[in-house]
Amino acid sequence: MVLNSLDKMVQLQKNTANIRNICVLAHVDHGKTTLADCLISSNGIISSRLAGKLRYMDSREDEQVRGITMKSSAISLHYAKDNEEYLINLIDSPGHVDFSSEVSTAVRLCDGCIIVVDAVEGVCPQTQAVLRQAWLENIRPVLVINKIDRLIVELKFTPQEAYSHLKNILEQINALTGTLFTSKVLEERAERASESQGNPPSDSGEQVYDWSTGLEDTDDSHLYFSPDQGSVVFASAIDGWGFGIEHFAKIYSQKIGIKKEVLLKTLWGDYYINMKAKKIMKVDQAKGKKPLFVQLILENIWSLYDAVLKRDKEKIDKIVTSLGLKIGAREARHSDPKVQISAICSQWLPISHAVLAMVCRKLPSPLDVTPERVERLMCAGSQAFDSLPPETQALKAAFMKCGSEDTAPVIIFVSKMFAVDAKALPQNRPRPLTQEEIAQRRERARQRHAEKLAAAQGQAPSGLPSDGSTQDTSPEGEEPKGEEQQVESGTPKPAPQEENSQEAFIAFARVFSGVARRGKKIFVLGPKYSPVEFLQRVPLGFSAPLDDLPPVPHMACCTLDHLYLLMGRELQDLEEVPPGNVLGIGGLQDFVLKSATLCSLPSCPPFIPLTFEATPIVRVAVEPKHPSEMPQLVKGMKLLNQADPCVQILIQETGEHVLVTAGEVHLQRCLDDLTERFAKIQISVSEPIIPFRETITKPPKVDMVNEEIGKQQKVAVIHQTKEDQSKIPEGIQVDSDGLITMTTPNKLATLSIRAMPLPEEVTRILEENSDLIRSMEQLTSSLNEGKNAQVIDQKTQEKIWEFKGKLEQHLPGRKWRNAVDQIWSFGPRKCGPNILVNKSEHFQNSVWTGPAGKASREASKYRDVGNSLVSGFQLAALAGPMCEEPLMGVCFVLEKWDLSKFEGQGASEEQDQDLMKEGQEEGAACPGGDESQELQGGHTGPSERRTSQKGEPSLPDCYGPLSGQLIATMKEACRYALQVKPQRLMAAMYTCDIMATSDVLGRVYAVLSKREGRVLQEEMKEGTDMFIIKAVLPVAESFGFADEIRKRTSGLASPQLVFSHWEVIPSDPFWVPTTEEEYLHFGEKADSENQARKYMNAVRKRKGLYVEEKIVEHAEKQRTLSKNKRDSSEQ
Ligand SMILES: Nc1nc2c(ncn2[C@@H]2O[C@H](COP(=O)(O)OP(=O)(O)OP(=O)(O)O)[C@@H](O)[C@H]2O)c(=O)[nH]1
Ligand SMILES: [Mg+2]
């Protein structure tokens, strides 16, 4: 097929009904890019011989070297079928988990997707993930089962076995779809149920929810992949063949004389044909009969492979002639059978035809967008579509219509920004010379040649007409030599030097409505933009030029400078892009960071944010090799941030520049990009910074040698208690239960705090609801500030009470009585998985007062003091005492707080300090403070009181404002409260799925156990000799894991790591042997260092904190120990 001209594409873009925006999704290495190659070669962009080898869409060098795709990229293809011409905007996506954010950016722009599944590996973790993503975006999928050649060549299946295997895969993937569908139906049902509960049924009765509308009645047959529906293609992309069953139905209906419709229904399934009677029957009826799919399709393919692999020339010729194919002499003689196979098969069953026909038939055009999808795109979170302003709701019709008339609003969604070399942009590319220009250049060259000749012949150079040379020199090049080179290379207009080194950012986008025209002004809406706010601020019917608009937050106005047709590695300039097309937009880099909605009307809401499956977890600190290059690094990191949908760039409190990435491969790609493209400097990279969490646990019941604690003779008790005491400085009281009582340095306030471990389940609930907690916090703070509380909608309110109920349910017993009601704050950052419970009597404030809509009087009375205490708690939760990592799963209980001294002082003395005024108010409001001090602060001894009273008058001055002291004391008290409990580190864990054949299984286990991995599940993949191992692995041990596995198994197994959860490391980082058995087992120095201590010390070292290291002073043998001990006990 000939290469399509740009004009053709432009023409095709206008016929919206025949546009298909699709992406190819699959698990890593299942053959997406190879399939894309085949489709591209059908357009003549690459040669069919190279299809599958070139991997055209993998345009980055590292993609080619590693053999994996790292970004999604688009190409427009032309396909003609049944007198109809189609435009296919194809997006190839990566399958590696590290790049799953790129999948999200692709899926958003499409209406349909091709799910590719490897026939040998079957449904893999990423297959599930991408199917879910497609489902969440409401796009329709079709299926390609790829690599069927492997069933023949590698697994040596018979056609019958292959059929059962394929059937199995199909069942698996349909089971997945089924689960997605069921959960959706149930969710909708629950939603409707809650709605109908919320709003009592109206008179019309329409809103009454009919409980019978459930799963049973919902037709889901169209959702499943089924060959007889034409939504499955069986293929081998590398050999260039693929077919849907209608291809064979057509052929055999003519050959056998059975109706095509009948064949379509029976070619896939357990039916066989009785050739004599020309009847199709169920296989069950006659044992030993082969299904039609085996007999009529697979056996033919198998025999072709068989003939070619055995080099049975005669048979090959026979097959080729019977199929009516023409094989080139070169292919026919080629020594590699693969070449022959692909030459024959790609003619016989061209994969591009099978796949593109299925795409055009089964996948929707932009006109078929469902109202459901539109509403989902326009309503973020729990917002209901009906609650949007009418102007906004009106846009739904424009979406659905996808109109190209001038009145249609232009709506564009940018899903990511990608960087290209500015030189590669069409406007900077050398354009072909016109005839005239060529003639001119020739003339100039001839003149120069003549001059040279003249000079060589000894004529005076000064005799040359000077104006001639000025005529020759182009404005850009001063030196004639440079000019000459330019003429020879035929570069008419080189880009200015400065632009050469620049990266240009192109927005990867789709027009959802209206025509995008070059030079058109358009609004850029950030994710937080609210059309409601705009409509409130800007007078109705505002008609001044867009530039004169009053400033509205999260909105900007820009011009569409350049529009491009995305053609894989190339871009083509376009003047306008009609609705329903994928396009590139230049010149938005100053307006759009990663994604945005562009619209010609300000009433448009921003599209809901993309859902990213991967959590960025791997962080490294970077710095330039030469400190003077810091500005380049900062600039480069900014560019990188814009160019990658998922990377995070932070500057830590310590001043380090930190890069947070989704995994090792992603990290490597980001670093390469930084050094080679964006910063262009050498950088040094720290070891990956592994995040930990700190927590406390219940005291263990057994010791390190599994003996029950308390039963054995303690030999080193003195040693242990000494260590414990050293943690808590003097002047702080600790009771036997771990209650810490601490007084501020100015002795005016006393706090009593206890730390308790939260049950695991509660921590999980807190983590899951962090968004909810954040919105509760906002509500409470706006209430406290005296603002009128914004009305929270019914749904959020319900969610909050449900959340509270869950907490109560998981915090049972006397120990936790009323704890949930008394939760004062969450932390760190006011939304983390730790809680502060306030048990003091004279101040009742909790996180629930905000949602309940009442701010108590008391709350405002102690507000400022309370704020200081909460701040202290936040600080303590942000950095724990072990290695300054955030806390997790800890509950601090503020048992008592005593401000009476401070209050008393406030009442008696005149203080002019601002902050002291607070104290006065409080003192005045709470008379009789001294009395309460007597009662509550009983533990502060009389002597202490005397000294404090004596020194008091000058104290506030020398210690500064009370709020600061309260914060610091609260923080310290929390830290000590932690230290008296058994402290533990929590490690971030990956889940990893590894597929391995049985012969390398042992080696996989070896690597896993060396790296502290834990196997959760191992199962055999049906019909193959592959095992699927599901394991968890600490992030700390994961660096180099994938490589090691790959090396140890000679590339036969490759793991996929995804962050899953935090897990407590059971060993105590501060553990020292205390019992006789432990001594015997570990030796006095316990030199076999425990894992937790190793991690803790590594973090401490990195942060520049003090590390207590044991140095072997005297090497001693263990057996002498017991003797030593006996000696010491005798003494
Ligand atoms: N035997 C066989 N190998 C195939 C087939 N299709 C692709 N491959 C091979 O599978 C490997 C991966 O192919 P790709 O096309 O790069 O896979 P991908 O899905 O794009 O991979 P990612 O983009 O990294 O997720 C390559 O080595 C291909 O040659 C096929 O039909 N049969
Ligand atoms: Mg790929």
# chains A, B, ... in the order shown; residues from 1 in each chain; ligands from 1
call {"tool": "residues_near_ligand", "arguments": {"ligand": "ligand 1", "cutoff": "9 Å", "atoms": "only C-alpha atoms and all ligand atoms", "output": "PyMOL selection string"}}
result
chain A and resi 24-37+52-53+55+57-58+63-64+66-72+92-97+116-119+145-151+153-154+235-241
call {"tool": "residues_around", "arguments": {"residues": "Cys599 in chain A", "least_positions_apart": "6", "cutoff": "12 Å", "atoms": "only C-alpha atoms", "output": "PyMOL selection string"}}
result
chain A and resi 392+395+398-399+408-414+510-516+520-526+531+555-560+605-607
call {"tool": "write_last_selection", "arguments": {"atoms": "N, CA and C atoms", "output": "CSV table (one decimal), in the first residue's frame"}}
result
chain,number,residue,atom,x,y,z
A,392,THR,N,-23.1,24.3,32.4
A,392,THR,CA,-22.1,23.2,32.4
A,392,THR,C,-22.9,22.0,31.9
A,395,LEU,N,-23.2,21.5,28.2
A,395,LEU,CA,-22.0,21.0,27.4
A,395,LEU,C,-22.1,19.5,27.1
A,398,ALA,N,-23.0,18.9,23.6
A,398,ALA,CA,-21.9,19.2,22.7
A,398,ALA,C,-21.0,18.0,22.6
A,399,PHE,N,-20.7,17.4,23.7
A,399,PHE,CA,-19.9,16.2,23.8
A,399,PHE,C,-20.4,15.1,23.0
A,408,ALA,N,-20.1,25.2,17.8
A,408,ALA,CA,-19.8,24.1,18.7
A,408,ALA,C,-18.7,24.5,19.6
A,409,PRO,N,-18.8,24.4,21.0
A,409,PRO,CA,-17.7,24.7,21.9
A,409,PRO,C,-16.5,23.8,21.6
A,410,VAL,N,-15.3,24.4,21.7
A,410,VAL,CA,-14.1,23.5,21.5
A,410,VAL,C,-13.7,23.0,22.9
A,411,ILE,N,-13.7,21.6,23.0
A,411,ILE,CA,-13.3,21.0,24.2
A,411,ILE,C,-12.1,20.0,23.9
A,412,ILE,N,-11.0,20.3,24.5
A,412,ILE,CA,-9.8,19.4,24.3
A,412,ILE,C,-9.3,18.9,25.6
A,413,PHE,N,-8.9,17.7,25.7
A,413,PHE,CA,-8.2,17.2,26.9
A,413,PHE,C,-6.8,16.9,26.6
A,414,VAL,N,-5.9,17.4,27.4
A,414,VAL,CA,-4.5,17.1,27.3
A,414,VAL,C,-4.1,16.1,28.4
A,510,ARG,N,-6.7,15.2,22.8
A,510,ARG,CA,-7.8,14.8,21.9
A,510,ARG,C,-8.8,15.9,21.9
A,511,VAL,N,-9.4,16.2,20.7
A,511,VAL,CA,-10.5,17.1,20.6
A,511,VAL,C,-11.8,16.4,20.8
A,512,PHE,N,-12.5,16.8,21.8
A,512,PHE,CA,-13.8,16.1,22.1
A,512,PHE,C,-15.0,16.8,21.5
A,513,SER,N,-14.8,18.1,21.2
A,513,SER,CA,-15.9,18.8,20.5
A,513,SER,C,-15.4,20.0,19.8
A,514,GLY,N,-16.0,20.4,18.8
A,514,GLY,CA,-15.6,21.7,18.1
A,514,GLY,C,-14.3,21.4,17.3
A,515,VAL,N,-13.9,22.4,16.5
A,515,VAL,CA,-12.7,22.3,15.7
A,515,VAL,C,-11.6,23.1,16.3
A,516,ALA,N,-10.4,22.4,16.5
A,516,ALA,CA,-9.3,23.1,17.1
A,516,ALA,C,-8.6,23.8,15.9
A,520,LYS,N,-6.2,29.9,17.5
A,520,LYS,CA,-7.4,30.2,18.3
A,520,LYS,C,-7.1,30.4,19.8
A,521,LYS,N,-7.8,31.3,20.4
A,521,LYS,CA,-7.6,31.6,21.8
A,521,LYS,C,-8.5,30.6,22.6
A,522,ILE,N,-8.0,30.1,23.7
A,522,ILE,CA,-8.8,29.1,24.4
A,522,ILE,C,-8.4,29.1,25.9
A,523,PHE,N,-9.4,28.7,26.7
A,523,PHE,CA,-9.1,28.7,28.2
A,523,PHE,C,-8.4,27.4,28.6
A,524,VAL,N,-7.4,27.5,29.5
A,524,VAL,CA,-6.8,26.4,30.0
A,524,VAL,C,-7.3,26.2,31.4
A,525,LEU,N,-7.9,25.1,31.7
A,525,LEU,CA,-8.5,24.9,33.0
A,525,LEU,C,-7.7,23.9,33.8
A,526,GLY,N,-7.2,24.4,35.0
A,526,GLY,CA,-6.5,23.5,35.8
A,526,GLY,C,-7.4,22.5,36.5
A,531,PRO,N,-16.1,25.9,37.5
A,531,PRO,CA,-17.0,26.8,36.7
A,531,PRO,C,-18.0,27.6,37.5
A,555,MET,N,-7.3,29.2,36.1
A,555,MET,CA,-7.7,29.4,34.7
A,555,MET,C,-6.7,30.3,34.0
A,556,ALA,N,-6.4,30.0,32.8
A,556,ALA,CA,-5.5,30.9,32.0
A,556,ALA,C,-6.0,30.9,30.6
A,557,CYS,N,-5.5,31.8,29.8
A,557,CYS,CA,-6.0,31.9,28.5
A,557,CYS,C,-4.8,31.7,27.6
A,558,CYS,N,-4.8,30.9,26.6
A,558,CYS,CA,-3.7,30.8,25.7
A,558,CYS,C,-4.1,30.6,24.2
A,559,THR,N,-3.1,30.5,23.4
A,559,THR,CA,-3.4,30.4,22.0
A,559,THR,C,-2.9,29.1,21.5
A,560,LEU,N,-3.6,28.4,20.6
A,560,LEU,CA,-3.2,27.2,20.1
A,560,LEU,C,-2.2,27.5,19.0
A,605,PRO,N,-16.3,22.2,33.1
A,605,PRO,CA,-15.5,21.8,34.2
A,605,PRO,C,-14.2,21.1,33.8
A,606,PRO,N,-13.2,21.1,34.6
A,606,PRO,CA,-12.0,20.3,34.2
A,606,PRO,C,-12.4,18.8,34.3
A,607,PHE,N,-11.8,18.0,33.4
A,607,PHE,CA,-12.1,16.6,33.3
A,607,PHE,C,-11.6,16.0,34.6
call {"tool": "select_by_dssp", "arguments": {"residues": "range 270-426 of chain A", "states": "helix (DSSP H, G or I)", "output": "PyMOL selection string"}}
result
chain A and resi 283-285+292-309+313-323+329-333+337-348+351-362+366-368+371-378+385-387+390-401+422-424+426
call {"tool": "atom_distance", "arguments": {"atom1": "CA of Thr741 in chain A", "atom2": "CA of Ala968 in chain A"}}
result
13.8 Å
call {"tool": "residues_around", "arguments": {"residues": "Ser47 in chain A", "least_positions_apart": "5", "cutoff": "10 Å", "atoms": "only C-alpha atoms", "output": "list in words"}}
result
Asp37, Cys38, Ile40, Ser41, Ser42 and Leu54 of chain A
call {"tool": "write_last_selection", "arguments": {"atoms": "C-alpha atoms", "output": "mmCIF file, in the first residue's frame"}}
result
data_model
loop_
_atom_site.group_PDB
_atom_site.id
_atom_site.type_symbol
_atom_site.label_atom_id
_atom_site.label_comp_id
_atom_site.auth_asym_id
_atom_site.auth_seq_id
_atom_site.Cartn_x
_atom_site.Cartn_y
_atom_site.Cartn_z
ATOM 1 C CA ASP A 37 4.406 -2.661 13.646
ATOM 2 C CA CYS A 38 2.214 -4.974 11.602
ATOM 3 C CA ILE A 40 1.823 0.350 10.539
ATOM 4 C CA SER A 41 3.380 -1.703 7.775
ATOM 5 C CA SER A 42 -0.059 -2.085 6.206
ATOM 6 C CA LEU A 54 11.744 -2.653 13.858
#
